[in-house]
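Here's the structure we're looking at; comments come further down.
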Amino acid sequence: MELKLHRPICFFDLETTGTDICKDRIVEISILKVYPNGNKESRTWLVNPERPIPPHTTSFHGITDEKVANEPTFKQLSHQIYNLIKDSDLAGYNSDRFDIPLLAEEMLRAGLDFDMKNRVSVDVQTIFHKKEERTLSAAYKFYCGQILENAHSAEADTNATYEILKAQLDRYEDLVNDMKLLSEFTTRKKAVDFAGFIVMDDACGAEVFTFGKFKGVKVEDVLEQEPGYYGWFQNADFPLYTKKVLTAIKLRKLNSKLHN
């Protein structure tokens, strides 16, 4: 089954220095852009993370410090990557919890105002876990009947993810071939920021914190009643995108006061 698209969708995968959204960096990125007419465009870049790659991470994806020493930094590549994905929805494997948040951090560090306001994301891993509970290699074997060669290389994982989503649509009649509906199906919770520190609470119809002493409390209430909390948050070790979201909520509240 081919994808029914109203706009392009970019399947992508990252190899990184580690799994910390705030601190780790991209060492390889592969993007497969699929257009509504079925055309495809693929790009893969090695990236100099400007820091040592831990040996245990190299043992996982095979990318060494020497391999990326003469490659461009993410900031040098950021405009090329941004221009490739700016008109597209995004898809990946575990992308909602890791790849998209880390990509957002890298974009913001590079000075690009990346967000998901006008696009949706489809996490192929979530479809797989809701239906079968397996890993990417097992998913590829299960859905596509093939062994995933070169697993943990960004390009191989990216192409496998694309093939898996098409096979999932063939297998499950209740999955609708529509990116917005697939995005809704793969969303685990209504996170306002990528990392899930702020979520939308349907019960009160507002954003609430998910951690610490203000867990479950409306963000607007905390910012109004504890003015110093905003400054602490901005200086603490939270993702840049989460800080951006908190600022937007603060400005929205101020604008609301000015117009009331």
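Chain labels A, B, ... are given in the sequence in which chains occur in the structure tokens; within each chain residues are numbered consecutively from 1, and ligands are likewise numbered from 1 in the order shown.
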Pro49 of chain A surroundings by only C-alpha atoms, 12 Å radius, close-in-sequence under 6 positions cut, as number ranges by chain: A: 15-18, 23-29, 63-77, 106
Lys4 of chain A: which residues within 9 Å, counting only C-alpha atoms, same-chain residues fewer than 4 positions away excluded, as a ChimeraX atom specification? /A:36,177-179
Residue set, segment 76-197 of chain A restricted to strand (DSSP E), as a PyMOL selection string: chain A and resi 89-92+121-123
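Among A:Glu224, A:Arg97, A:Arg51, A:Tyr229, the residue with the shortest atom-to-atom distance to Leu254 of chain A, counting only C-alpha atoms, is A:Glu224.
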Mind checking which residues fall within 12 Å of Gly216 of chain A, counting only C-alpha atoms, ignoring those fewer than 4 positions away in the same chain, and posting them as a list of chain:residue names?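 Neighbouring residues, sequence-local ones excluded: A:Phe197, A:Ile198, A:Val199, A:Met200, A:Asp201, A:Asp202, A:Ala203, A:Cys204, A:Ala206, A:Glu207, A:Val208, A:Phe209, A:Thr210, A:Phe211, A:Gly212, A:Glu220, A:Asp221, A:Val222.
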Generate the output file for the selected residues, C-alpha atoms, as a CSV table (one decimal), in the first residue's frame.
chain,number,residue,atom,x,y,z
A,197,PHE,CA,7.4,18.2,30.9
A,198,ILE,CA,4.3,20.2,30.0
A,199,VAL,CA,1.1,18.4,28.9
A,200,MET,CA,-2.5,19.5,28.0
A,201,ASP,CA,-4.9,18.4,30.8
A,202,ASP,CA,-8.3,17.7,29.2
A,203,ALA,CA,-10.0,17.9,32.6
A,204,CYS,CA,-9.1,21.6,33.1
A,206,ALA,CA,-5.0,24.0,30.2
A,207,GLU,CA,-1.3,23.1,30.2
A,208,VAL,CA,0.0,21.5,33.4
A,209,PHE,CA,3.5,20.5,34.6
A,210,THR,CA,4.2,16.8,34.9
A,211,PHE,CA,7.1,16.9,37.4
A,212,GLY,CA,8.3,18.3,40.7
A,220,GLU,CA,-0.3,29.8,34.1
A,221,ASP,CA,-1.2,29.5,37.8
A,222,VAL,CA,2.4,28.7,38.7
Can you tell me how far atom CA of Val124 of chain A sits from atom CA of Tyr93 of chain A, in Å to one decimal?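 Value for the atom CA of Val124 of chain A-atom CA of Tyr93 of chain A distance: 5.1 Å.
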Residues of segment 10-178 of chain A classed as alpha helix (DSSP H) by DSSP on the backbone are to be reported as a ChimeraX atom specification. /A:55-61,65-68,74-85,100-109,124-131,136-144,154-171
Considering only C-alpha atoms, give me a table of residues in segment 128-202 of chain A that are at most 10 Å from segment 242-250 of chain A, with the closest atom pair and distance in Å for each, as JSON lines.
{"residue": "A:Val192", "atom": "CA", "partner": "A:Val245", "partner_atom": "CA", "distance": 7.5}
{"residue": "A:Asp193", "atom": "CA", "partner": "A:Thr242", "partner_atom": "CA", "distance": 5.3}
{"residue": "A:Phe194", "atom": "CA", "partner": "A:Thr242", "partner_atom": "CA", "distance": 7.2}
{"residue": "A:Ala195", "atom": "CA", "partner": "A:Thr242", "partner_atom": "CA", "distance": 7.2}
{"residue": "A:Gly196", "atom": "CA", "partner": "A:Thr242", "partner_atom": "CA", "distance": 8.4}
{"residue": "A:Phe197", "atom": "CA", "partner": "A:Thr242", "partner_atom": "CA", "distance": 7.3}
{"residue": "A:Ile198", "atom": "CA", "partner": "A:Thr242", "partner_atom": "CA", "distance": 7.7}
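Proximity of A:Asn37, A:Ser183, A:Ser30, A:Gln146 to Glu2 of chain A, computed with only C-alpha atoms, is greatest for A:Asn37.
Restricting the calculation to only C-alpha atoms, the smallest distance between Thr126 of chain A and any of A:Glu163, A:Asp96, A:Asp157, A:Glu173 is found for A:Asp96.
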Using only C-alpha atoms, which residues sit within 12 Å of Met107 of chain A once same-chain residues fewer than 5 positions away are excluded, as a PyMOL selection string? chain A and resi 25-26+73-83+85-86+100-102+112-115+239-241
